[in-house]
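Student: The structure under discussion is supplied below as structure tokens; questions concerning it will follow.
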Amino acid sequence: MSDNPRGVLTGSAEGLGRFIALRLAADGFNIALNDLPTKYEQLNALAAEIGNLGRKTCIVQADVSEEDQMVTNAGVYYLTSFLSTSVEIWDETMQINAQGVFLCYQYAAAQMVKQGRGGRILGASSMTGKVGTPGGVAYSASHFTVRGLTQSAAIELCRHNITVNSYAPGLTMTPMGVFAIA
């Protein structure tokens with residue numbers, strides 16, 4: 001790791017992403033904060049808070065379903081039964097929660113291989129990626145995908161001294177978590 005550690009964090013305006021950003025800053029990282037354009041005020045407030053910790057930030061507004069992200073935390077959750085989950089909900093959930101992670105891993109790994117000094121890739125999964133739950137079939141399937149993707153990427157990238165891991169938190173009292181139990 002460099003003497004001036006930097007990180008890119010998607011989905012950082014609120015919830016776990018916000019907490020991760022603050023922890024990285026406390027650990028000495030300068031951070032590129034990412035979230036949707038509608039979260040700009042929250043990103044600005046977080047950037048100010050991180051600045052008060054003596055760290056630098058930049059704000060990158062983008063949708064992680066596009067191909068320009070590096071590290072993953074963003075996700076969506078729709079509380080719908082299996083029979084009422086539409087193809088649109090399935091597709092959006094898989095694009096953001098699974099394809100977004102795939103693209104982030106791929107771009108981050110390509111840069112780390114190019115730099116030649118290894119690195120670490122961390123992706124957000126969920127306890128529902130280990131055990132399915134009612135009311136969240138697309139969410140659960142997307143996080144099972146993240147688990148398999150993470151394991152496969154880790155096996156392939158270890159020869160480049162790149163570790164790939166995912167974390168799988170349980171229900172947390174973030175805005176998404178409160179929505180999930182409502």
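Ligands are numbered from 1 in the order shown, residues from 1 within each chain, and chains are lettered A, B, ... in the order they appear in the structure tokens.
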Residues at most 12 Å from segment 82-92 of chain A, counting only C-alpha atoms, excluding those fewer than 2 positions away in the same chain, as JSON, numbers by chain?
Tutor: {"A": [63, 64, 65, 66, 75, 76, 77, 78, 79, 80, 94, 95, 96, 97, 98, 99, 100, 132, 133, 134, 135, 136, 137, 138, 139, 140, 141, 142]}
Student: Take the residues from that selection and put them in a file with N, CA and C atoms, as a PDB file, in the first residue's frame.
Tutor:
ATOM      1  N   ASP A  63     -23.889   6.690 -11.644  1.00  0.00           N
ATOM      2  CA  ASP A  63     -24.738   5.523 -11.460  1.00  0.00           C
ATOM      3  C   ASP A  63     -23.867   4.288 -11.643  1.00  0.00           C
ATOM      4  N   VAL A  64     -23.789   3.423 -10.613  1.00  0.00           N
ATOM      5  CA  VAL A  64     -22.883   2.271 -10.685  1.00  0.00           C
ATOM      6  C   VAL A  64     -23.317   1.199 -11.668  1.00  0.00           C
ATOM      7  N   SER A  65     -24.467   1.358 -12.280  1.00  0.00           N
ATOM      8  CA  SER A  65     -24.840   0.380 -13.303  1.00  0.00           C
ATOM      9  C   SER A  65     -24.125   0.666 -14.616  1.00  0.00           C
ATOM     10  N   GLU A  66     -23.356   1.756 -14.649  1.00  0.00           N
ATOM     11  CA  GLU A  66     -22.524   2.058 -15.810  1.00  0.00           C
ATOM     12  C   GLU A  66     -21.105   1.593 -15.528  1.00  0.00           C
ATOM     13  N   GLY A  75     -26.147  -0.369  -3.655  1.00  0.00           N
ATOM     14  CA  GLY A  75     -27.098  -1.446  -3.876  1.00  0.00           C
ATOM     15  C   GLY A  75     -28.519  -0.946  -3.771  1.00  0.00           C
ATOM     16  N   VAL A  76     -29.428  -1.722  -4.315  1.00  0.00           N
ATOM     17  CA  VAL A  76     -30.857  -1.420  -4.217  1.00  0.00           C
ATOM     18  C   VAL A  76     -31.575  -2.631  -3.656  1.00  0.00           C
ATOM     19  N   TYR A  77     -32.718  -2.362  -3.038  1.00  0.00           N
ATOM     20  CA  TYR A  77     -33.538  -3.414  -2.456  1.00  0.00           C
ATOM     21  C   TYR A  77     -34.996  -3.082  -2.704  1.00  0.00           C
ATOM     22  N   TYR A  78     -35.732  -4.038  -3.231  1.00  0.00           N
ATOM     23  CA  TYR A  78     -37.172  -3.896  -3.408  1.00  0.00           C
ATOM     24  C   TYR A  78     -37.855  -4.983  -2.589  1.00  0.00           C
ATOM     25  N   LEU A  79     -38.762  -4.578  -1.743  1.00  0.00           N
ATOM     26  CA  LEU A  79     -39.522  -5.522  -0.926  1.00  0.00           C
ATOM     27  C   LEU A  79     -40.705  -6.010  -1.755  1.00  0.00           C
ATOM     28  N   THR A  80     -40.509  -7.120  -2.447  1.00  0.00           N
ATOM     29  CA  THR A  80     -41.563  -7.705  -3.275  1.00  0.00           C
ATOM     30  C   THR A  80     -41.527  -9.223  -3.122  1.00  0.00           C
ATOM     31  N   MET A  94     -30.229  -6.632 -10.430  1.00  0.00           N
ATOM     32  CA  MET A  94     -29.051  -7.353 -10.913  1.00  0.00           C
ATOM     33  C   MET A  94     -28.032  -6.403 -11.547  1.00  0.00           C
ATOM     34  N   GLN A  95     -28.502  -5.378 -12.267  1.00  0.00           N
ATOM     35  CA  GLN A  95     -27.562  -4.423 -12.882  1.00  0.00           C
ATOM     36  C   GLN A  95     -26.766  -3.680 -11.825  1.00  0.00           C
ATOM     37  N   ILE A  96     -27.423  -3.206 -10.788  1.00  0.00           N
ATOM     38  CA  ILE A  96     -26.719  -2.413  -9.771  1.00  0.00           C
ATOM     39  C   ILE A  96     -25.957  -3.312  -8.796  1.00  0.00           C
ATOM     40  N   ASN A  97     -26.641  -4.313  -8.240  1.00  0.00           N
ATOM     41  CA  ASN A  97     -26.039  -5.121  -7.175  1.00  0.00           C
ATOM     42  C   ASN A  97     -25.048  -6.164  -7.664  1.00  0.00           C
ATOM     43  N   ALA A  98     -25.206  -6.669  -8.880  1.00  0.00           N
ATOM     44  CA  ALA A  98     -24.307  -7.715  -9.396  1.00  0.00           C
ATOM     45  C   ALA A  98     -23.425  -7.193 -10.522  1.00  0.00           C
ATOM     46  N   GLN A  99     -24.028  -6.657 -11.572  1.00  0.00           N
ATOM     47  CA  GLN A  99     -23.220  -6.156 -12.693  1.00  0.00           C
ATOM     48  C   GLN A  99     -22.345  -4.988 -12.257  1.00  0.00           C
ATOM     49  N   GLY A 100     -22.861  -4.112 -11.415  1.00  0.00           N
ATOM     50  CA  GLY A 100     -22.048  -3.003 -10.910  1.00  0.00           C
ATOM     51  C   GLY A 100     -20.818  -3.502 -10.174  1.00  0.00           C
ATOM     52  N   GLY A 132     -31.276 -17.246   1.422  1.00  0.00           N
ATOM     53  CA  GLY A 132     -32.342 -16.441   0.829  1.00  0.00           C
ATOM     54  C   GLY A 132     -33.379 -16.030   1.857  1.00  0.00           C
ATOM     55  N   THR A 133     -34.096 -14.944   1.543  1.00  0.00           N
ATOM     56  CA  THR A 133     -35.135 -14.465   2.440  1.00  0.00           C
ATOM     57  C   THR A 133     -36.407 -14.179   1.646  1.00  0.00           C
ATOM     58  N   PRO A 134     -37.553 -14.311   2.288  1.00  0.00           N
ATOM     59  CA  PRO A 134     -38.786 -13.961   1.597  1.00  0.00           C
ATOM     60  C   PRO A 134     -38.874 -12.450   1.392  1.00  0.00           C
ATOM     61  N   GLY A 135     -39.472 -12.038   0.295  1.00  0.00           N
ATOM     62  CA  GLY A 135     -39.677 -10.612   0.037  1.00  0.00           C
ATOM     63  C   GLY A 135     -38.503  -9.923  -0.615  1.00  0.00           C
ATOM     64  N   GLY A 136     -37.470 -10.655  -0.948  1.00  0.00           N
ATOM     65  CA  GLY A 136     -36.304 -10.021  -1.553  1.00  0.00           C
ATOM     66  C   GLY A 136     -35.582 -10.946  -2.508  1.00  0.00           C
ATOM     67  N   VAL A 137     -36.326 -11.597  -3.384  1.00  0.00           N
ATOM     68  CA  VAL A 137     -35.724 -12.614  -4.259  1.00  0.00           C
ATOM     69  C   VAL A 137     -34.637 -12.025  -5.150  1.00  0.00           C
ATOM     70  N   ALA A 138     -34.858 -10.875  -5.758  1.00  0.00           N
ATOM     71  CA  ALA A 138     -33.849 -10.287  -6.647  1.00  0.00           C
ATOM     72  C   ALA A 138     -32.628  -9.853  -5.837  1.00  0.00           C
ATOM     73  N   TYR A 139     -32.859  -9.252  -4.683  1.00  0.00           N
ATOM     74  CA  TYR A 139     -31.764  -8.810  -3.821  1.00  0.00           C
ATOM     75  C   TYR A 139     -30.911 -10.002  -3.394  1.00  0.00           C
ATOM     76  N   SER A 140     -31.575 -11.053  -2.926  1.00  0.00           N
ATOM     77  CA  SER A 140     -30.855 -12.243  -2.492  1.00  0.00           C
ATOM     78  C   SER A 140     -30.066 -12.858  -3.643  1.00  0.00           C
ATOM     79  N   ALA A 141     -30.691 -13.010  -4.802  1.00  0.00           N
ATOM     80  CA  ALA A 141     -30.002 -13.590  -5.961  1.00  0.00           C
ATOM     81  C   ALA A 141     -28.796 -12.751  -6.359  1.00  0.00           C
ATOM     82  N   SER A 142     -28.932 -11.441  -6.289  1.00  0.00           N
ATOM     83  CA  SER A 142     -27.810 -10.578  -6.671  1.00  0.00           C
ATOM     84  C   SER A 142     -26.631 -10.763  -5.725  1.00  0.00           C
TER      85      SER A 142
END
Student: Mind checking which residues fall within 6 Å of Ala32 of chain A, counting only C-alpha atoms, ignoring those fewer than 3 positions away in the same chain, and posting them as a PyMOL selection string?
Tutor: chain A and resi 8+57-59
Student: What does the distance between atom CA of Asp27 of chain A and atom CA of Glu156 of chain A come to in Å, to one decimal place?
Tutor: 28.6 Å
Student: Using only C-alpha atoms, which of the listed residues (A:Leu9, A:Val101, A:Ala108, A:Ala21) sits closest to Gln61 of chain A?
Tutor: A:Leu9
Student: Using atom CA of Glu49 of chain A and atom CA of Asn30 of chain A as the two end points, give the distance in Å to one decimal.
Tutor: 12.4 Å
Student: As a short mmCIF file (atom, residue, chain, number, x, y, z; two decimals) with N, CA, C and O atoms, in the first residue's frame, which residues of chain A does DSSP assign to helix (DSSP H, G or I)?
Tutor:
data_model
loop_
_atom_site.label_atom_id
_atom_site.label_comp_id
_atom_site.auth_asym_id
_atom_site.auth_seq_id
_atom_site.Cartn_x
_atom_site.Cartn_y
_atom_site.Cartn_z
N GLY A 15 -25.98 5.35 5.02
CA GLY A 15 -25.94 3.96 5.45
C GLY A 15 -24.53 3.43 5.68
O GLY A 15 -23.64 4.16 6.16
N LEU A 16 -24.33 2.17 5.32
CA LEU A 16 -23.02 1.54 5.52
C LEU A 16 -21.93 2.25 4.74
O LEU A 16 -20.79 2.34 5.22
N GLY A 17 -22.24 2.73 3.54
CA GLY A 17 -21.24 3.44 2.75
C GLY A 17 -20.69 4.65 3.48
O GLY A 17 -19.48 4.91 3.48
N ARG A 18 -21.57 5.40 4.12
CA ARG A 18 -21.16 6.58 4.89
C ARG A 18 -20.24 6.16 6.04
O ARG A 18 -19.20 6.76 6.27
N PHE A 19 -20.65 5.11 6.76
CA PHE A 19 -19.83 4.64 7.88
C PHE A 19 -18.47 4.13 7.41
O PHE A 19 -17.45 4.37 8.06
N ILE A 20 -18.44 3.44 6.29
CA ILE A 20 -17.17 2.95 5.74
C ILE A 20 -16.28 4.11 5.36
O ILE A 20 -15.07 4.11 5.62
N ALA A 21 -16.85 5.14 4.73
CA ALA A 21 -16.07 6.32 4.34
C ALA A 21 -15.44 6.98 5.56
O ALA A 21 -14.26 7.34 5.54
N LEU A 22 -16.21 7.13 6.62
CA LEU A 22 -15.67 7.75 7.84
C LEU A 22 -14.59 6.87 8.46
O LEU A 22 -13.59 7.39 8.96
N ARG A 23 -14.75 5.57 8.41
CA ARG A 23 -13.73 4.67 8.96
C ARG A 23 -12.45 4.75 8.14
O ARG A 23 -11.34 4.80 8.68
N LEU A 24 -12.60 4.73 6.79
CA LEU A 24 -11.41 4.85 5.94
C LEU A 24 -10.67 6.16 6.22
O LEU A 24 -9.45 6.19 6.30
N ALA A 25 -11.43 7.24 6.37
CA ALA A 25 -10.81 8.54 6.67
C ALA A 25 -10.08 8.49 8.01
O ALA A 25 -8.96 8.97 8.15
N ALA A 26 -10.71 7.89 9.02
CA ALA A 26 -10.08 7.75 10.33
C ALA A 26 -8.81 6.91 10.25
O ALA A 26 -7.88 7.11 11.02
N PRO A 37 -26.53 11.41 -8.39
CA PRO A 37 -26.64 12.88 -8.35
C PRO A 37 -27.68 13.39 -7.36
O PRO A 37 -27.51 14.47 -6.80
N THR A 38 -28.71 12.63 -7.09
CA THR A 38 -29.74 13.06 -6.14
C THR A 38 -29.23 13.08 -4.70
O THR A 38 -29.89 13.62 -3.82
N LYS A 39 -28.06 12.53 -4.45
CA LYS A 39 -27.49 12.47 -3.09
C LYS A 39 -26.37 13.50 -2.90
O LYS A 39 -25.58 13.39 -1.97
N TYR A 40 -26.33 14.51 -3.77
CA TYR A 40 -25.21 15.47 -3.75
C TYR A 40 -25.08 16.18 -2.40
O TYR A 40 -23.97 16.34 -1.90
N GLU A 41 -26.18 16.63 -1.82
CA GLU A 41 -26.10 17.34 -0.54
C GLU A 41 -25.53 16.44 0.56
O GLU A 41 -24.72 16.87 1.37
N GLN A 42 -25.94 15.18 0.58
CA GLN A 42 -25.41 14.23 1.56
C GLN A 42 -23.92 14.00 1.34
O GLN A 42 -23.15 13.90 2.29
N LEU A 43 -23.51 13.89 0.06
CA LEU A 43 -22.08 13.72 -0.25
C LEU A 43 -21.28 14.93 0.21
O LEU A 43 -20.19 14.78 0.76
N ASN A 44 -21.81 16.13 -0.01
CA ASN A 44 -21.11 17.35 0.43
C ASN A 44 -20.95 17.37 1.94
O ASN A 44 -19.88 17.74 2.44
N ALA A 45 -21.99 17.01 2.67
CA ALA A 45 -21.91 16.99 4.13
C ALA A 45 -20.87 15.96 4.59
O ALA A 45 -20.08 16.23 5.50
N LEU A 46 -20.86 14.80 3.96
CA LEU A 46 -19.87 13.76 4.30
C LEU A 46 -18.46 14.24 3.97
O LEU A 46 -17.53 14.04 4.76
N ALA A 47 -18.28 14.89 2.84
CA ALA A 47 -16.96 15.41 2.46
C ALA A 47 -16.46 16.41 3.50
O ALA A 47 -15.28 16.40 3.86
N ALA A 48 -17.35 17.26 3.99
CA ALA A 48 -16.97 18.23 5.03
C ALA A 48 -16.56 17.52 6.31
O ALA A 48 -15.56 17.88 6.94
N GLU A 49 -17.31 16.50 6.68
CA GLU A 49 -16.98 15.73 7.89
C GLU A 49 -15.63 15.05 7.76
O GLU A 49 -14.82 15.05 8.69
N ILE A 50 -15.35 14.49 6.60
CA ILE A 50 -14.06 13.84 6.36
C ILE A 50 -12.94 14.87 6.35
O ILE A 50 -11.85 14.63 6.86
N GLY A 51 -13.21 16.04 5.78
CA GLY A 51 -12.24 17.13 5.80
C GLY A 51 -11.86 17.53 7.22
O GLY A 51 -10.70 17.84 7.49
N ASN A 52 -12.84 17.51 8.11
CA ASN A 52 -12.57 17.83 9.52
C ASN A 52 -11.66 16.80 10.18
O ASN A 52 -11.07 17.07 11.22
N VAL A 87 -39.88 -8.25 -14.01
CA VAL A 87 -38.61 -8.33 -14.73
C VAL A 87 -37.84 -7.03 -14.59
O VAL A 87 -36.61 -7.03 -14.49
N GLU A 88 -38.55 -5.89 -14.54
CA GLU A 88 -37.88 -4.59 -14.39
C GLU A 88 -37.16 -4.50 -13.04
O GLU A 88 -36.01 -4.03 -12.97
N ILE A 89 -37.81 -4.95 -11.97
CA ILE A 89 -37.17 -4.95 -10.65
C ILE A 89 -35.99 -5.92 -10.65
O ILE A 89 -34.90 -5.59 -10.15
N TRP A 90 -36.18 -7.10 -11.23
CA TRP A 90 -35.09 -8.08 -11.33
C TRP A 90 -33.90 -7.47 -12.06
O TRP A 90 -32.77 -7.53 -11.58
N ASP A 91 -34.14 -6.90 -13.24
CA ASP A 91 -33.05 -6.36 -14.06
C ASP A 91 -32.33 -5.22 -13.36
O ASP A 91 -31.09 -5.18 -13.34
N GLU A 92 -33.08 -4.29 -12.78
CA GLU A 92 -32.43 -3.16 -12.10
C GLU A 92 -31.58 -3.64 -10.92
O GLU A 92 -30.44 -3.20 -10.74
N THR A 93 -32.12 -4.55 -10.14
CA THR A 93 -31.39 -5.07 -8.98
C THR A 93 -30.12 -5.78 -9.42
O THR A 93 -29.05 -5.57 -8.84
N MET A 94 -30.23 -6.63 -10.43
CA MET A 94 -29.05 -7.35 -10.91
C MET A 94 -28.03 -6.40 -11.55
O MET A 94 -26.82 -6.59 -11.38
N GLN A 95 -28.50 -5.38 -12.27
CA GLN A 95 -27.56 -4.42 -12.88
C GLN A 95 -26.77 -3.68 -11.82
O GLN A 95 -25.55 -3.53 -11.96
N ILE A 96 -27.42 -3.21 -10.79
CA ILE A 96 -26.72 -2.41 -9.77
C ILE A 96 -25.96 -3.31 -8.80
O ILE A 96 -24.77 -3.12 -8.56
N ASN A 97 -26.64 -4.31 -8.24
CA ASN A 97 -26.04 -5.12 -7.18
C ASN A 97 -25.05 -6.16 -7.66
O ASN A 97 -24.16 -6.55 -6.92
N ALA A 98 -25.21 -6.67 -8.88
CA ALA A 98 -24.31 -7.71 -9.40
C ALA A 98 -23.42 -7.19 -10.52
O ALA A 98 -22.20 -7.26 -10.43
N GLN A 99 -24.03 -6.66 -11.57
CA GLN A 99 -23.22 -6.16 -12.69
C GLN A 99 -22.34 -4.99 -12.26
O GLN A 99 -21.19 -4.90 -12.67
N GLY A 100 -22.86 -4.11 -11.41
CA GLY A 100 -22.05 -3.00 -10.91
C GLY A 100 -20.82 -3.50 -10.17
O GLY A 100 -19.72 -2.98 -10.33
N VAL A 101 -20.98 -4.55 -9.37
CA VAL A 101 -19.85 -5.14 -8.65
C VAL A 101 -18.86 -5.76 -9.63
O VAL A 101 -17.65 -5.55 -9.53
N PHE A 102 -19.38 -6.51 -10.61
CA PHE A 102 -18.51 -7.12 -11.63
C PHE A 102 -17.66 -6.06 -12.32
O PHE A 102 -16.43 -6.22 -12.46
N LEU A 103 -18.28 -4.97 -12.75
CA LEU A 103 -17.54 -3.93 -13.46
C LEU A 103 -16.51 -3.25 -12.56
O LEU A 103 -15.38 -2.98 -12.98
N CYS A 104 -16.91 -2.99 -11.33
CA CYS A 104 -15.97 -2.38 -10.38
C CYS A 104 -14.77 -3.29 -10.15
O CYS A 104 -13.62 -2.84 -10.18
N TYR A 105 -15.01 -4.56 -9.90
CA TYR A 105 -13.93 -5.51 -9.70
C TYR A 105 -13.01 -5.54 -10.93
O TYR A 105 -11.79 -5.52 -10.81
N GLN A 106 -13.61 -5.61 -12.11
CA GLN A 106 -12.83 -5.75 -13.33
C GLN A 106 -11.95 -4.53 -13.57
O GLN A 106 -10.76 -4.66 -13.88
N TYR A 107 -12.51 -3.34 -13.43
CA TYR A 107 -11.72 -2.13 -13.65
C TYR A 107 -10.65 -1.94 -12.58
O TYR A 107 -9.52 -1.57 -12.89
N ALA A 108 -11.01 -2.21 -11.33
CA ALA A 108 -10.02 -2.08 -10.26
C ALA A 108 -8.88 -3.08 -10.47
O ALA A 108 -7.71 -2.73 -10.33
N ALA A 109 -9.22 -4.32 -10.81
CA ALA A 109 -8.19 -5.35 -11.02
C ALA A 109 -7.28 -4.99 -12.18
O ALA A 109 -6.05 -5.15 -12.09
N ALA A 110 -7.85 -4.49 -13.27
CA ALA A 110 -7.03 -4.10 -14.43
C ALA A 110 -6.02 -3.02 -14.03
O ALA A 110 -4.84 -3.08 -14.41
N GLN A 111 -6.47 -2.04 -13.24
CA GLN A 111 -5.56 -0.97 -12.80
C GLN A 111 -4.50 -1.52 -11.86
O GLN A 111 -3.33 -1.17 -11.96
N MET A 112 -4.88 -2.39 -10.95
CA MET A 112 -3.92 -2.96 -10.00
C MET A 112 -2.89 -3.82 -10.71
O MET A 112 -1.70 -3.77 -10.38
N VAL A 113 -3.31 -4.61 -11.68
CA VAL A 113 -2.36 -5.42 -12.46
C VAL A 113 -1.41 -4.50 -13.21
O VAL A 113 -0.19 -4.72 -13.23
N LYS A 114 -1.93 -3.45 -13.80
CA LYS A 114 -1.10 -2.49 -14.54
C LYS A 114 -0.06 -1.84 -13.63
O LYS A 114 1.09 -1.66 -14.00
N GLN A 115 -0.47 -1.50 -12.40
CA GLN A 115 0.45 -0.87 -11.45
C GLN A 115 1.50 -1.84 -10.95
O GLN A 115 2.59 -1.42 -10.53
N MET A 127 -26.11 -10.87 4.09
CA MET A 127 -26.44 -12.18 4.66
C MET A 127 -27.41 -12.91 3.74
O MET A 127 -27.45 -14.13 3.71
N THR A 128 -28.19 -12.16 2.94
CA THR A 128 -29.14 -12.80 2.02
C THR A 128 -28.42 -13.41 0.83
O THR A 128 -29.05 -14.09 0.03
N GLY A 129 -27.12 -13.20 0.71
CA GLY A 129 -26.31 -13.88 -0.29
C GLY A 129 -25.82 -15.23 0.21
O GLY A 129 -25.13 -15.95 -0.50
N VAL A 137 -36.33 -11.60 -3.38
CA VAL A 137 -35.72 -12.61 -4.26
C VAL A 137 -34.64 -12.03 -5.15
O VAL A 137 -33.56 -12.62 -5.29
N ALA A 138 -34.86 -10.88 -5.76
CA ALA A 138 -33.85 -10.29 -6.65
C ALA A 138 -32.63 -9.85 -5.84
O ALA A 138 -31.49 -10.05 -6.26
N TYR A 139 -32.86 -9.25 -4.68
CA TYR A 139 -31.76 -8.81 -3.82
C TYR A 139 -30.91 -10.00 -3.39
O TYR A 139 -29.68 -9.98 -3.50
N SER A 140 -31.57 -11.05 -2.93
CA SER A 140 -30.86 -12.24 -2.49
C SER A 140 -30.07 -12.86 -3.64
O SER A 140 -28.89 -13.20 -3.49
N ALA A 141 -30.69 -13.01 -4.80
CA ALA A 141 -30.00 -13.59 -5.96
C ALA A 141 -28.80 -12.75 -6.36
O ALA A 141 -27.73 -13.28 -6.70
N SER A 142 -28.93 -11.44 -6.29
CA SER A 142 -27.81 -10.58 -6.67
C SER A 142 -26.63 -10.76 -5.72
O SER A 142 -25.47 -10.73 -6.14
N HIS A 143 -26.91 -11.00 -4.46
CA HIS A 143 -25.81 -11.17 -3.49
C HIS A 143 -25.23 -12.57 -3.50
O HIS A 143 -24.05 -12.74 -3.18
N PHE A 144 -26.01 -13.57 -3.89
CA PHE A 144 -25.41 -14.88 -4.16
C PHE A 144 -24.43 -14.74 -5.33
O PHE A 144 -23.34 -15.33 -5.32
N THR A 145 -24.80 -13.93 -6.32
CA THR A 145 -23.92 -13.67 -7.46
C THR A 145 -22.62 -13.02 -7.00
O THR A 145 -21.53 -13.39 -7.45
N VAL A 146 -22.72 -12.04 -6.11
CA VAL A 146 -21.52 -11.36 -5.60
C VAL A 146 -20.59 -12.36 -4.90
O VAL A 146 -19.37 -12.29 -5.07
N ARG A 147 -21.15 -13.29 -4.15
CA ARG A 147 -20.31 -14.29 -3.48
C ARG A 147 -19.53 -15.12 -4.48
O ARG A 147 -18.31 -15.30 -4.34
N GLY A 148 -20.20 -15.63 -5.50
CA GLY A 148 -19.52 -16.45 -6.50
C GLY A 148 -18.51 -15.64 -7.29
O GLY A 148 -17.39 -16.11 -7.56
N LEU A 149 -18.87 -14.44 -7.66
CA LEU A 149 -17.97 -13.55 -8.39
C LEU A 149 -16.73 -13.27 -7.56
O LEU A 149 -15.60 -13.34 -8.06
N THR A 150 -16.92 -12.96 -6.30
CA THR A 150 -15.79 -12.66 -5.41
C THR A 150 -14.85 -13.85 -5.29
O THR A 150 -13.62 -13.70 -5.40
N GLN A 151 -15.40 -15.03 -5.10
CA GLN A 151 -14.57 -16.22 -4.96
C GLN A 151 -13.79 -16.50 -6.25
O GLN A 151 -12.59 -16.79 -6.21
N SER A 152 -14.45 -16.39 -7.39
CA SER A 152 -13.77 -16.64 -8.67
C SER A 152 -12.69 -15.60 -8.94
O SER A 152 -11.58 -15.94 -9.37
N ALA A 153 -13.01 -14.33 -8.71
CA ALA A 153 -12.02 -13.27 -8.93
C ALA A 153 -10.82 -13.45 -8.00
O ALA A 153 -9.67 -13.27 -8.41
N ALA A 154 -11.07 -13.83 -6.75
CA ALA A 154 -9.98 -14.03 -5.80
C ALA A 154 -9.02 -15.12 -6.27
O ALA A 154 -7.79 -14.96 -6.19
N ILE A 155 -9.58 -16.21 -6.78
CA ILE A 155 -8.74 -17.31 -7.27
C ILE A 155 -7.89 -16.86 -8.45
O ILE A 155 -6.70 -17.15 -8.53
N GLU A 156 -8.50 -16.13 -9.38
CA GLU A 156 -7.76 -15.69 -10.57
C GLU A 156 -6.73 -14.60 -10.27
O GLU A 156 -5.66 -14.57 -10.88
N LEU A 157 -7.07 -13.69 -9.36
CA LEU A 157 -6.22 -12.51 -9.17
C LEU A 157 -5.14 -12.68 -8.12
O LEU A 157 -4.24 -11.84 -8.01
N CYS A 158 -5.16 -13.77 -7.35
CA CYS A 158 -4.16 -13.93 -6.30
C CYS A 158 -2.74 -13.98 -6.88
O CYS A 158 -1.80 -13.56 -6.23
N ARG A 159 -2.58 -14.46 -8.09
CA ARG A 159 -1.24 -14.51 -8.70
C ARG A 159 -0.66 -13.11 -8.95
O ARG A 159 0.53 -12.96 -9.17
N HIS A 160 -1.53 -12.09 -8.90
CA HIS A 160 -1.09 -10.69 -9.05
C HIS A 160 -1.00 -10.00 -7.70
O HIS A 160 -0.88 -8.77 -7.64
N PRO A 175 -31.26 3.61 6.07
CA PRO A 175 -32.56 3.84 5.41
C PRO A 175 -33.05 2.61 4.65
O PRO A 175 -34.24 2.29 4.67
N MET A 176 -32.15 1.87 3.99
CA MET A 176 -32.56 0.66 3.27
C MET A 176 -33.01 -0.42 4.24
O MET A 176 -33.99 -1.12 4.01
N GLY A 177 -32.31 -0.56 5.35
CA GLY A 177 -32.67 -1.57 6.34
C GLY A 177 -34.00 -1.29 7.00
O GLY A 177 -34.80 -2.20 7.23
N VAL A 178 -34.26 -0.02 7.31
CA VAL A 178 -35.54 0.35 7.89
C VAL A 178 -36.66 0.05 6.90
O VAL A 178 -37.72 -0.48 7.26
N PHE A 179 -36.43 0.34 5.62
CA PHE A 179 -37.42 0.05 4.57
C PHE A 179 -37.69 -1.44 4.50
O PHE A 179 -38.82 -1.88 4.35
N ALA A 180 -36.66 -2.25 4.64
CA ALA A 180 -36.79 -3.70 4.51
C ALA A 180 -37.68 -4.31 5.59
O ALA A 180 -38.32 -5.33 5.36
N ILE A 181 -37.71 -3.69 6.77
CA ILE A 181 -38.53 -4.27 7.85
C ILE A 181 -39.86 -3.55 7.99
O ILE A 181 -40.68 -3.96 8.81
#
